Structures are given as structure tokens and as C-alpha cells.
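Below: one structure, written as C-alpha cells.
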Number of protein chains: 2
Amino acid sequence: MKDSSGPRIEILAIGAELLTPYYVDTNSLFLTKQLNRLGMRVVYKTVVGDDKEDLAACIRTARQRSDLIFAMGGLGPTQDDMTREVFADTLEKRLTFHPNLWKQIRLRFQKRGISISEVNRKQAFILEGAEALENPNGTAPGMWIQFDHKIWVLLPGPPRELEPMFVDNVLPRLTGMRRGYQAQTTLKITGLTESQTETDIADLYPGLGKDVRCTVLAAPGQIEIHLSAFSEHGEEEAERMLDQPTSALRSRLGLHVFTSEKETLEEVVGRRLHEQQSTLAVAESCTGGLLGHRITNVPGSSRYFLEGVQVYSNQAKIRLLNVSPALLERHGAVSAEVAACMAENVRKNSGADFGLGITGVAGPDGGTPGKPVGLVFISLASSERTQTEKNLFLGDRETIKRRATQKALDMLRLELREDNPGNPTP
Amino acid sequence: MKDSSGPRIEILAIGAELLTPYYVDTNSLFLTKQLNRLGMRVVYKTVVGDDKEDLAACIRTARQRSDLIFAMGGLGPTQDDMTREVFADTLEKRLTFHPNLWKQIRLRFQKRGISISEVNRKQAFILEGAEALENPNGTAPGMWIQFDHKIWVLLPGPPRELEPMFVDNVLPRLTGMRRGYQAQTTLKITGLTESQTETDIADLYPGLGKDVRCTVLAAPGQIEIHLSAFSEHGEEEAERMLDQPTSALRSRLGLHVFTSEKETLEEVVGRRLHEQQSTLAVAESCTGGLLGHRITNVPGSSRYFLEGVQVYSNQAKIRLLNVSPALLERHGAVSAEVAACMAENVRKNSGADFGLGITGVAGPDGGTPGKPVGLVFISLASSERTQTEKNLFLGDRETIKRRATQKALDMLRLELREDNPGNPTP
């Protein structure tokens with residue numbers, strides 16, 4: 001290894017499909033996350049197709065500039081899979097046949113009742129001096145080879161093979177190279193835009209310290225602040241380094257932070273409904289079922305979610321929710337009055353503790369100067385009261401639907417919070 | 001340019017955030033798609049952070065092995081943005097100040113009512129000999145520089161700046177390098193697994209010809225076959241080269257092909273409902289609103305989608321759909337009988353032409369030996385008849401929900417097809 005800042009790591013992804021417009025890389029993100037936890041940083045990522053000379057050139061470049069190289073892909077049985085052979089040629093290592101690997105590969109086929117082809121035999125060849133890395137989820141074994149102060153790790157391309165192989169067979173070999181300890185936390189925020197969030201927290205950045213990193217990621221209706229801290233001395237110190245920044249961010253962003261766990265907004269709401277033994281019913285117009293879909297993505301949601309109605313037509317609003325034709329006539333289907341009526345009546349009809357109602361213009365057509373695309377009324381009804389909010393969401397049809405459901409879930413989250421002054425004292 | 005197979009193209013992405021576990025690359029996919037249309041292939045993709053020496057090493061490597069290099073990112077005004085300076089150093093070109101660019105940048109700030117910082121001044125510096133590429137969507141101009149038989153194109157990182165700059169200012173400069181013409185088509189398939197599809201079409205591959213490429217992409221309940229043809233002689237010939245393979249695939253895959261256009265399954269179904277002036281209502285149990293959500297993602301869906309009910313609880317099935325308690329008792333909520341009753345009654349209640357009913361076990365809990373996770377009954381009711389299908393879907397909760405809605409939409413698509421023998425003759 002070159003210097004005290006740890007090995008220079010390169011990720012080399014191999015395969016013609018990686019150079020098409022369809023490929024979305026997830027392997028390198030997975031490896032990066034795993035390596036970062038050991039305090040190791042990736043310096044280069046390279047993608048190359050399945051051309052012998054192009055791959056050989058990448059291997060030579062990696063050999064010059066990197067110390068620890070993870071090569072992924074091209075270990076399969078087909079003609080296009082040439083990683084094994086090109087590495088052997090370029091690194092000047094022979095390929096040797098391992099009868100025990102060949103036996104394992106044949107066993108795997110037998111178990112699945114598939115006849116094995118002789119082309120698979122090449123997967124039992126390993127670079128001279130390399131250790132084979134077992135692949136319980138496929139036929140291609142990985143390889144670990146160390147020489148000339150460099151380490152090369154060859155991994156299969158499919159994520160379902162690469163990920164367990166990395167965790168079980170590569171990570172343990174890397175722990176000796178650990179540069180330190182990384183702790184991570186994520187604050188998930190709703191009800192603020194990305195720029196509002198950035199503005200709110202900008203003055204906290206300088207105080208984070210050089211070993212704490214902050215990354216802000218935005219999605220419609222949701223911002224995530226990823227904090228990571230790095231310590232040479234131990235996991236606990238790294239965790240401790242996050243305490244101050246996390247609580248500073250929390251107190252700055254207040255109720256907008258809905259979790260610092262791996263959970264979604266619908267999971268937070270579901271957990272609280274379940275804890276408080278409350279039930280929910282929803283009435284959706286412009287979101288057309290997305291709210292119900294999100295709520296029922298949570299396993300066990302049948303404990304608190306009773307029913308929903310997608311009242312797309314006025315007739316459906318009248319028949320399924322007893323919205324009066326006069327109300328629809330007077331205020332229009334997209335109005336605070338109709339949203340409130342939808343929330344109240346779906347609650348009453350279903351016998352649920354809470355009712356949510358959404359009505360709006362998702363676009364791209366159907367907007368008018370008075371009721372433009374993105375105008376969405378959202379109402380939350382409980383036994384105590386009905387709150388209705390008028391929103392103007394930006395974005396395309398699906399984004400507006402998403403933002404509307406996010407807002408509806410957030411109104412319910414705030415209503416359900418333990419310190420809600422509106423809640424009855426226990 | 002090295003040889004007759006066209007320039008060797010490298011995409012170089014620059015920025016520390018690209019080496020974090022959060023980054024998902026879309027720029028390189030965009031560039032690849034655009035370049036492929038000109039018959040140009042990408043040979044290497046490289047990602048590097050914002051370290052001067054690492055970047056300089058990548059520039060030197062690209063200079064050795066590639067002819068046409070697209071560098072993206074690091075053109076912003078901050079200290080971390082060093083692409084301009086490192087390219088100048090490494091390629092031994094001076095940076096020269098362009099007063100007109102500085103004026104444009106200041107104007108942009110003025111228009112938005114923001115005061116400009118002196119740090120932005122560095123964005124008005126351009127490599128000696130380079131042409132500036134206008135950036136109407138940001139402050140960083142791009143650069144095009146050609147020397148020593150190489151072309152370097154520097155582009156801003158944000159997709160909303162890069163994409164229009166590429167289309168408006170880079171593509172026209174590349175057309176002289178066109179190697180040929182690419183035509184593309186996509187067949188979207190449902191009702192077959194990836195391996196069924198592969199098996200069905202395997203013997204067609206050898207007949208595709210060396211200039212026709214076939215890529216199979218799988219998602220839950222849907223397979224896409226991307227075909228592209230390459231001709232040196234013209235767009236029409238490339239299109240023509242796709243005719244035979246496309247019709248061979250179509251006749252092999254039959255009714256499983258639901259479109260060769262850019263449309264989704266819900267758009268195909270929506271188009272047919274609209275053409276046939278038919279209406280639809282849905283009753284969802286385990287999918288919890290996803291079917292309604294997908295149907296209403298299509299703009300204009302209010303013309304044919306009347307309503308939906310998410311009948312999660314038995315009470316809701318009884319009250320909203322008149323499912324009899326005796327039927328629920330006898331067959332259980334997850335049964336062909338209840339699915340049929342849901343489809344028939346949502347159709348009757350709403351007055352729609354078609355009713356879809358879905359009931360099943362989405363998991364991960366709630367399965368029994370008789371009714372395992374993934375068991376889903378789907379029913380389609382029309383004025384003529386009710387068809388019910390029993391399915392056993394694999395995957396996690398969201399995948400099972402997705403597959404169930406895909407199947408429901410597909411049953412309706414097949415029912416609505418013009419040559420459906422069950423349809424009344426026009």
C-alpha cells in the first residue's frame with residue numbers, strides 16, 4: 001500500500017451490457033458503502049466492455065494507479081465472459097484447473113436437475129496463486145489474489161451473487177486493512193423543499209468538523225440528510241462524533257424530521273397508528289389509489305387500515321361518500337369543502353378513527369386559472385376535528401400524486417405524535 | 001481517429017459525490033444513447049473524485065487510449081470544482097478570460113435577482129483553443145477543444161444543464177463523425193417470465209445478423225426486448241433491418257407482446273378503453289390501491305376510470321361490495337368466489353362496463369399451507385361473463401402487488417383486443 005491514507009481502491013466493472021443505455025449500476029454503490037464502513041475510500045471506478053484489448057488496457061492502468069482492485073463481471077461460462085483469461089494474460093499468471101470447484105459446479109447443476117454443459121468447465125479454472133471465493137448463489141467462483149503489493153478481487157456480476165460473496169468472503173479478508181470506523185445516520189425530512197432545508201442548516205456545516213460528512217438528497221416531498229463520521233479509534237467514537245451534529249440538525253429542523261431510522265413515512269404513520277390502536281380509512285380522488293397503495297406497502301397494515309375509496313367520478317363521490325350534489329355544484333369537486341366531506345364521511349362510513357380525503361388537479365390537463373394543475377386539497381378528519389390544507393404542488397402528474405400522498409401522510413403523522421397538544425392526555 | 005471502426009470514446013465523470021454510495025449515474029446513459037444513434041460506441045467510462053492528481057492521471061490515461069473524451073462535472077464555481085484548471089495543467093493549455101462569457105453569467109444572476117460572487121468569475125475562463133458551449137440552464141459554459149487528433153468535450157454535471165447542451169451544441173458538431181445510422185425498437189411483453197422469453201426466442205438470435213443487437217430486460221411481470229440495428233448507409237436501411245427480426249419475435253411471442261411503442265401497459269389498456277368507449281371500476285384487496293394508482297397515472301384516465309374500492313377489511317368487502325358474510329365464511333376472503341363477487345359487484349354498483357377484482361396474500365406474513373404468500377385471485381367481469389384466474393406470484397410484498405396489478409391489466413387488455421373472439425363483431 002502506497003501511503004498512510006490507505007490503499008488506493010479501484011472498482012472495475014466488465015461487460016458489454018454496462019456500456020449500453022440501459023444499465024444502471026448498483027454493484028459499485030454496494031461495494032462503496034461496504035468499503036466506507038471500514039474507512040476505505042474508492043478512488044476510481046472504470047467500466048469497460050468485453051473486448052480483450054480494452055480490458056487488458058484497463059487492467060494495466062489499474063495496476064499502475066491502484067492498490068486494491070475489485071473487478072466485477074465476465075466470470076460466466078459464455079464466450080463473452082473473458083475476465084479470467086484476460087487477467088491471466090495481463091497479470092502473467094497461469095490458469096489452473098481445480099477439480100473440487102468443478103465438482104461443486106456439477107453438484108449445483110445436479111441439484112437443480114439441469115444437465116451441465118462442458119462450457120461451464122472453464123469456471124473451475126483459477127488464477128495461479130489465487131484463492132477461490134465460494135459462490136453459493138451461482139456457478140462462478142470469485143478470486144482473491146495478492147502479489148507485488150497489490151490485491152485483485154474478482155467478483156461475479158449479478159448482484160445476488162456478488163453481494164453475499166463480498167460480505168461472507170471478502171469483508172473478513174479486508175478487516176486487517178481497516179483504516180478506521182465509520183458511523184452513519186440519516187435524517188428524513190418532509191414539509192420542506194431542498195433549498196429551504198439547505199438554507200435552514202447552512203450555518204451548521206462549518207461546525208461539522210473535517211471527519212463528518214453531510215450529503216443532502218432530495219426526492220418529491222422528502223429530503224434525506226445523510227451524515228457520516230469517521231474515526232481512527234473505534235466505532236463508539238465515530239458514533240459519538242455524530243451526536244452533536246445530529247442533535248443540532250434535529251433541533252433546527254424540528255418536527256420536519258420524521259425519522260432517523262431506515263423506515264418510510266408510511267411505516268412511521270403505521271407504527272403510530274398501531275401503537276395508539278387507531279384505524280384509518282382514505283378517500284382519494286386525484287391520487288387514484290396511491291395513498292392506499294403506500295399505506296398497504298407496510299406489512300401488517302391490515303391491523304389499522306380498514307378501507308379506501310378511489311372516487312374518481314362525481315357519481316362515485318356521491319354514491320360511495322355521500323358527498324351532496326349541491327356541495328359539488330357549489331364548490332366544485334376540487335375544493336376544501338369537498339375534501340373535508342370526503343375525509344369526514346369515509347371516516348364515518350368505515351367506523352375508522354381517522355379519515356383522509358384528497359381532491360385536486362393532477363394534470364397535465366384539466367387546470368383552469370382558478371384551479372390550476374397542482375392544486376390539491378387534503379383533509380384529515382378525527383372524532384375531534386377536521387383539518388383541511390390547500391396545496392399547490394409542482395411537477396408532472398406522478399410527482400403531484402406523490403407529493404399529495406406525502407402531505408396527507410404527514411398531516412396524520414403530526415396528528416399522531418405523542419406530544420401533540422391536541423391529543424387527549426393519557 | 002485510430003481506425004475505421006470510429007473514434008474510441010471515453011466518458012469521464014468527475015466529482016467526489018460520484019464516489020459515494022448514493023450516486024446513481026444517468027448522464028453516461030444519456031450520452032451513450034445519443035452517441036449510439038450516430039453509430040458511435042462508448043469504449044470506457046471512468047469515474048474520479050475531485051482530487052487534482054487523480055483527475056490528472058485519468059486525463060493522461062484517456063489521452064493515451066481514447067480519441068473522443070466527454071468529461072462531465074467540476075465546472076462549478078466552488079473550490080471543489082477543478083476540472084477547468086486540471087485540464088489546463090494536464091493538457092498544457094492556458095486558461096483565457098472571456099469577457100463576453102462573464103457578462104452572460106452576470107446577466108443570468110441579475111435576471112434571477114441574485115447578487116453575483118467573484119468566485120463565479122472563474123467560470124468565464126476557457127481553455128486556450130477551445131470553443132465555449134453555451135449553457136442556457138446554468139452558469140457553467142461547456143468547452144469543445146480539438147488538437148493532436150483528439151477531441152475533448154467538457155460538460156456541466158447537472159443533467160438539466162448537460163442534456164440540452166449536448167443536444168443543442170455538441171450533437172451538431174458530432175454529425176460529421178457519424179459512423180452510420182441506428183434504428184431501435186422495443187417489444188414489451190407480459191405473461192412470460194424472463195427465462196420463458198429467452199427459451200422461446202433463443203433460436204432466433206443466430207438469424208439476427210451481426211448488425212442487429214438484442215437486449216432483454218426484465219422487471220416484475222414485464223419483459224422488454226430492445227432491438228437495435230446499425231447501418232452505414234442510412235436510417236431507412238437501419239429501420240428495414242429491424243423489420244424481419246421484429247416480425248419474427250412478434251409471431252413467436254404472439255399476444256404476449258402488448259406494445260412496440262413507448263407506452264406502458266396501463267396506457268395500452270386506457271387507450272383501448274377510450275377507443276371502445278368503455279368504462280372501468282376496480283375492487284382491490286391485497287393490492288391496496290396500486291391498480292387504481294397505475295390506471296390513474298395515465299393523463300385523461302377520468303374518461304374511462306369511474307371508481308375503485310380498497311376493501312382491506314372483511315367489513316369493507318361486505319359494506320362497499322355487498323360480498324355476503326356467508327361467502328366470506330365459506331371460501332375465505334382469498335378465494336376465486338370472493339374475487340369474482342368483488343369484480344361483478346364493483347361493476348354493477350358503479351355502472352361500469354368492466355369490473356376488476358383482486359384478492360390475495362401479499363405477505364410476508366399471513367400465509368397458510370392452503371393459502372400461501374403470493375396466492376392471488378384476479379377476476380374480470382363484463383356484461384357477458386366473469387373470468388377468474390388463480391395465480392401464485394413470487395417475490396416480496398411490493399413485487400407481489402406489482403405482479404398482481406400487471407396480471408389484472410393484462411386480462412383486461414386481452415379482453416379488449418380487437419380480434420378477441422369474445423367481443424361482439426362491430
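Order determines the names: the first chain of the C-alpha cells is A, the second B, and so forth; residues in each chain are numbered 1 upward, and ligands are numbered 1 upward as they are shown.
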
Which parts of stretch 346-412 of chain B does DSSP call strand (DSSP E or B) when run on the backbone here, written out as a PyMOL selection string?
chain B and resi 354-360+375-381+386-392

Specify as a ChimeraX atom specification all residues of chain A found within 6 Å of chain B, counting only C-alpha atoms.
/A:21,29,32-33,44-48,288-290,292-293,296,306-313

Can I get the selected residues back with C-alpha atoms, as a short mmCIF file (atom, residue, chain, number, x, y, z; two decimals), in the first residue's frame?
data_model
loop_
_atom_site.label_atom_id
_atom_site.label_comp_id
_atom_site.auth_asym_id
_atom_site.auth_seq_id
_atom_site.Cartn_x
_atom_site.Cartn_y
_atom_site.Cartn_z
CA PRO A 21 -28.02 3.00 -22.37
CA LEU A 29 -22.64 1.62 -4.85
CA THR A 32 -18.55 1.67 -1.87
CA LYS A 33 -20.92 1.50 1.08
CA TYR A 44 -11.55 5.28 -9.35
CA LYS A 45 -14.43 3.49 -11.00
CA THR A 46 -13.93 2.15 -14.52
CA VAL A 47 -16.39 0.47 -16.89
CA VAL A 48 -15.23 -1.50 -19.89
CA GLY A 288 -56.31 7.44 -7.54
CA GLY A 289 -55.16 4.80 -5.06
CA LEU A 290 -51.54 5.81 -4.42
CA GLY A 292 -53.84 3.30 -0.13
CA HIS A 293 -51.01 1.64 -2.05
CA THR A 296 -50.59 -1.11 2.38
CA LEU A 306 -59.72 -0.55 7.02
CA GLU A 307 -60.58 0.65 3.55
CA GLY A 308 -60.20 3.21 0.86
CA VAL A 309 -62.29 4.59 -1.94
CA GLN A 310 -60.95 5.94 -5.22
CA VAL A 311 -63.75 8.33 -6.06
CA TYR A 312 -62.63 9.45 -9.49
CA SER A 313 -66.03 10.40 -10.84
#

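Picture a line from atom CA of A:Leu265 to atom CA of A:Val361; it runs 23.4 Å.
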
Could you name the residues that touch stretch 247-263 of chain A at 12 Å or less, counting only C-alpha atoms, but leaving out those on the same chain fewer than 2 positions away, as a PyMOL selection string?
chain A and resi 184-193+196-205+207-208+214+221-227+240-245+265-272+297-298+406-407+409-420

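Computed from the coordinates, the atom CA of B:Gly355 to atom CA of B:Ala343 distance equals 4.7 Å.
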
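The neighbours of B:Met165 here are the residues that come within 12 Å of it, using only C-alpha atoms and leaving out any residue fewer than 5 positions away in the same chain; they are Leu31, Met72, Ala132, Leu133, Glu134, Asn135, Pro136, Asn137, Gly138, Ala140, Pro141, Gly142, Met143, Trp144, Val153, Leu154, Leu155, Pro156, Gly157, Pro158, Pro159, Arg160, Val170, Leu171, Pro172 and Arg173 of chain B.
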
If you run DSSP on this backbone, which residues of stretch 255-344 of chain A come out as alpha helix (DSSP H), and could you give them as an mmCIF file with C-alpha atoms, in the first residue's frame?
data_model
loop_
_atom_site.group_PDB
_atom_site.id
_atom_site.type_symbol
_atom_site.label_atom_id
_atom_site.label_comp_id
_atom_site.auth_asym_id
_atom_site.auth_seq_id
_atom_site.Cartn_x
_atom_site.Cartn_y
_atom_site.Cartn_z
ATOM 1 C CA LEU A 265 -43.112 7.856 6.165
ATOM 2 C CA GLU A 266 -45.891 5.260 5.738
ATOM 3 C CA GLU A 267 -44.077 2.985 8.176
ATOM 4 C CA VAL A 268 -43.805 5.777 10.772
ATOM 5 C CA VAL A 269 -47.513 6.536 10.405
ATOM 6 C CA GLY A 270 -48.360 2.814 10.518
ATOM 7 C CA ARG A 271 -46.292 2.267 13.635
ATOM 8 C CA ARG A 272 -48.001 5.134 15.431
ATOM 9 C CA LEU A 273 -51.486 4.024 14.358
ATOM 10 C CA HIS A 274 -50.719 0.544 15.634
ATOM 11 C CA GLU A 275 -49.229 1.811 18.924
ATOM 12 C CA LEU A 290 -51.540 5.815 -4.421
ATOM 13 C CA LEU A 291 -52.250 6.700 -0.793
ATOM 14 C CA GLY A 292 -53.836 3.304 -0.131
ATOM 15 C CA HIS A 293 -51.015 1.636 -2.046
ATOM 16 C CA ARG A 294 -48.352 3.305 0.104
ATOM 17 C CA ILE A 295 -50.170 2.548 3.346
ATOM 18 C CA ASN A 314 -68.528 12.761 -9.192
ATOM 19 C CA GLN A 315 -71.042 9.909 -9.170
ATOM 20 C CA ALA A 316 -68.623 7.860 -7.100
ATOM 21 C CA LYS A 317 -68.178 10.760 -4.666
ATOM 22 C CA ILE A 318 -71.925 10.985 -4.292
ATOM 23 C CA ARG A 319 -72.666 7.273 -4.042
ATOM 24 C CA LEU A 320 -69.659 5.986 -2.077
ATOM 25 C CA LEU A 321 -69.114 9.010 0.159
ATOM 26 C CA PRO A 325 -74.523 17.051 -5.382
ATOM 27 C CA ALA A 326 -75.250 20.583 -4.101
ATOM 28 C CA LEU A 327 -71.824 20.775 -2.443
ATOM 29 C CA LEU A 328 -70.127 19.568 -5.630
ATOM 30 C CA GLU A 329 -72.147 22.079 -7.631
ATOM 31 C CA ARG A 330 -71.424 24.988 -5.311
ATOM 32 C CA HIS A 331 -67.674 24.494 -4.714
ATOM 33 C CA ALA A 336 -61.685 22.446 0.599
ATOM 34 C CA GLU A 337 -65.334 21.696 1.304
ATOM 35 C CA VAL A 338 -65.369 18.509 -0.770
ATOM 36 C CA ALA A 339 -62.007 17.338 0.663
ATOM 37 C CA ALA A 340 -63.385 17.800 4.200
ATOM 38 C CA CYS A 341 -66.611 15.999 3.341
ATOM 39 C CA MET A 342 -64.635 13.100 1.803
ATOM 40 C CA ALA A 343 -62.436 12.747 4.904
ATOM 41 C CA GLU A 344 -65.341 13.007 7.336
#

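Distances here use only C-alpha atoms; by that measure, the residue among A:Glu389, A:Glu239, A:Glu118, A:Glu53 closest to A:Tyr181 is A:Glu239.
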
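Atom CA of B:Thr90 lies 23.3 Å from atom CA of A:Asp67.
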
Could you give me, as a PDB file with N, CA and C atoms, in the first residue's frame, the residues within 12 Å of A:His149, counting only C-alpha atoms and dropping anything in the same chain fewer than 3 positions from it?
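Result saved to result-v6.pdb:
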ATOM      1  N   MET A   1       0.844  -1.196   0.000  1.00  0.00           N
ATOM      2  CA  MET A   1       0.000   0.000   0.000  1.00  0.00           C
ATOM      3  C   MET A   1       0.881   1.249   0.000  1.00  0.00           C
ATOM      4  N   LYS A   2       0.456   2.221  -0.740  1.00  0.00           N
ATOM      5  CA  LYS A   2       1.302   3.370  -1.053  1.00  0.00           C
ATOM      6  C   LYS A   2       1.598   4.290   0.127  1.00  0.00           C
ATOM      7  N   PRO A   7      -5.171   2.025   1.151  1.00  0.00           N
ATOM      8  CA  PRO A   7      -4.986   1.557  -0.213  1.00  0.00           C
ATOM      9  C   PRO A   7      -5.786   2.407  -1.195  1.00  0.00           C
ATOM     10  N   ARG A   8      -5.230   2.598  -2.371  1.00  0.00           N
ATOM     11  CA  ARG A   8      -5.975   3.279  -3.431  1.00  0.00           C
ATOM     12  C   ARG A   8      -6.852   2.229  -4.111  1.00  0.00           C
ATOM     13  N   ARG A  63      -3.287  -1.434 -12.482  1.00  0.00           N
ATOM     14  CA  ARG A  63      -2.059  -1.920 -11.850  1.00  0.00           C
ATOM     15  C   ARG A  63      -1.106  -0.771 -11.539  1.00  0.00           C
ATOM     16  N   GLN A  64      -1.096   0.219 -12.437  1.00  0.00           N
ATOM     17  CA  GLN A  64      -0.240   1.382 -12.219  1.00  0.00           C
ATOM     18  C   GLN A  64      -0.736   2.282 -11.100  1.00  0.00           C
ATOM     19  N   SER A  66      -3.557   1.877  -8.825  1.00  0.00           N
ATOM     20  CA  SER A  66      -4.364   1.446  -7.679  1.00  0.00           C
ATOM     21  C   SER A  66      -3.687   0.305  -6.929  1.00  0.00           C
ATOM     22  N   ASP A  67      -4.099   0.119  -5.662  1.00  0.00           N
ATOM     23  CA  ASP A  67      -3.507  -0.927  -4.827  1.00  0.00           C
ATOM     24  C   ASP A  67      -4.449  -2.103  -4.615  1.00  0.00           C
ATOM     25  N   LEU A  68      -5.730  -1.792  -4.592  1.00  0.00           N
ATOM     26  CA  LEU A  68      -6.737  -2.813  -4.286  1.00  0.00           C
ATOM     27  C   LEU A  68      -7.805  -2.678  -5.358  1.00  0.00           C
ATOM     28  N   ILE A  69      -7.932  -3.695  -6.202  1.00  0.00           N
ATOM     29  CA  ILE A  69      -8.804  -3.581  -7.373  1.00  0.00           C
ATOM     30  C   ILE A  69      -9.906  -4.629  -7.297  1.00  0.00           C
ATOM     31  N   ILE A 145      -6.447 -12.509  -5.171  1.00  0.00           N
ATOM     32  CA  ILE A 145      -5.033 -12.743  -5.465  1.00  0.00           C
ATOM     33  C   ILE A 145      -4.193 -11.529  -5.076  1.00  0.00           C
ATOM     34  N   GLN A 146      -3.087 -11.826  -4.397  1.00  0.00           N
ATOM     35  CA  GLN A 146      -2.270 -10.798  -3.790  1.00  0.00           C
ATOM     36  C   GLN A 146      -0.842 -11.004  -4.277  1.00  0.00           C
ATOM     37  N   TRP A 152      -5.984  -8.103  -5.989  1.00  0.00           N
ATOM     38  CA  TRP A 152      -7.020  -8.138  -7.012  1.00  0.00           C
ATOM     39  C   TRP A 152      -8.144  -9.031  -6.515  1.00  0.00           C
TER      40      TRP A 152
END
